[in-house]
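Visitor: Pasting a structure below so you can have a look.
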Amino acid sequence: SPVSRSKRSRSRSRSPSMSEGSSGSEGGGRSEEERVAREQRRREKEWQKMHETPDERRKRRLEKKARKAAKKQEEKEELFGYSNESNPFGDANLTERFVWKKKDERLRAKGVDPEKRTKHQEKMRQEELRREIEKVKRAREQRELEEQRWEEERARLAREADVMNMADWEKVEEEFHLAQAKKGSEIRVR
């Protein structure tokens with residue numbers, strides 16, 4: 001078709017300049033063979049896309065969508081450190097977005113559609129949440145580190161107190177033995 005030909009010609013005309021620009025910015029870090037292999041894979045993929053049936057296209061897109069969703073889920077689990085299956089809260093929907101239904105109802109009553117958040121607003125909100133989670137994680141790590149330091153200090157003080165206590169006991173024991181020795185010599189003198 002004419003559209004696919006124009007797309008092919010545009011992508012072909014664009015690819016050499018893109019590969020030159022990318023290799024120049026990388027400072028020649030990739031070898032020529034890697035660049036050629038990458039270009040070959042790109043061409044094969046483009047050829048497959050042009051010759052696929054609508055069912056194959058639908059299948060490919062659904063697979064891509066599933067991979068993307070799995071990757072996003074994995075990122076959420078990595079960010080929180082918990083998954084839906086294993087978390088201390090017993091929440092099977094932990095990584096799902098929480099919807100505050102009462103708040104949405106109030107906004108709708110005011111004439112504002114809560115669903116019409118822009119992608120940018122939603123992304124900013126998510127970034128803010130990520131920053132807050134990271135801040136909480138850092139605070140928890142700092143608290144645990146401080147707790148560990150306090151525990152070490154308590155153990156050190158306890159050891160010092162034991163050493164002092166032991167020295168006192170040794171002194172008392174020495175005095176006891178001295179007193180016993182005196183009593184024994186008094187008894188022998190009589």
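Going through the structure tokens in order, the chains are called A, B, and so on, while each chain numbers its residues from 1 and the ligands are numbered from 1 in the order shown.
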List the spatial neighbours of Arg130 (chain A) as number ranges by chain - criterion: any atom at most 12 Å away, only C-alpha atoms, same-chain residues fewer than 5 positions off excluded.
Guide: A: 75-76, 78-80, 123-125, 135-137
Visitor: How about saving the chosen residues, N, CA and C atoms kept, as a compact mmCIF listing (two decimals), in the first residue's frame?
Guide:
```txt
# COMPACT_ATOMS: atom_id res chain seq x y z
N GLU A 75 7.80 -3.45 38.63
CA GLU A 75 8.36 -2.19 39.13
C GLU A 75 7.66 -1.76 40.41
N LYS A 76 6.33 -1.94 40.44
CA LYS A 76 5.58 -1.59 41.65
C LYS A 76 6.03 -2.44 42.83
N GLU A 78 8.85 -3.94 43.18
CA GLU A 78 10.22 -3.56 43.54
C GLU A 78 10.21 -2.28 44.36
N LEU A 79 9.36 -1.34 43.98
CA LEU A 79 9.29 -0.07 44.68
C LEU A 79 8.79 -0.25 46.11
N PHE A 80 7.72 -1.03 46.29
CA PHE A 80 7.14 -1.21 47.61
C PHE A 80 7.85 -2.29 48.41
N LYS A 123 1.03 11.44 36.47
CA LYS A 123 2.45 11.12 36.56
C LYS A 123 3.10 11.90 37.70
N MET A 124 2.74 13.16 37.84
CA MET A 124 3.29 13.99 38.92
C MET A 124 2.86 13.43 40.28
N ARG A 125 1.61 13.01 40.38
CA ARG A 125 1.13 12.44 41.63
C ARG A 125 1.88 11.16 41.97
N LYS A 135 11.44 8.50 50.82
CA LYS A 135 11.74 9.26 52.05
C LYS A 135 11.45 8.41 53.28
N VAL A 136 10.32 7.71 53.26
CA VAL A 136 9.95 6.84 54.39
C VAL A 136 10.95 5.69 54.52
N LYS A 137 11.37 5.12 53.39
CA LYS A 137 12.36 4.04 53.42
C LYS A 137 13.66 4.52 54.03
```
Visitor: Could you pull out all residues of chain A with a DSSP call of alpha helix (DSSP H) and give them as a VMD selection string?
Guide: chain A and resid 2 to 25 32 to 50 54 to 80 101 to 109 119 to 189
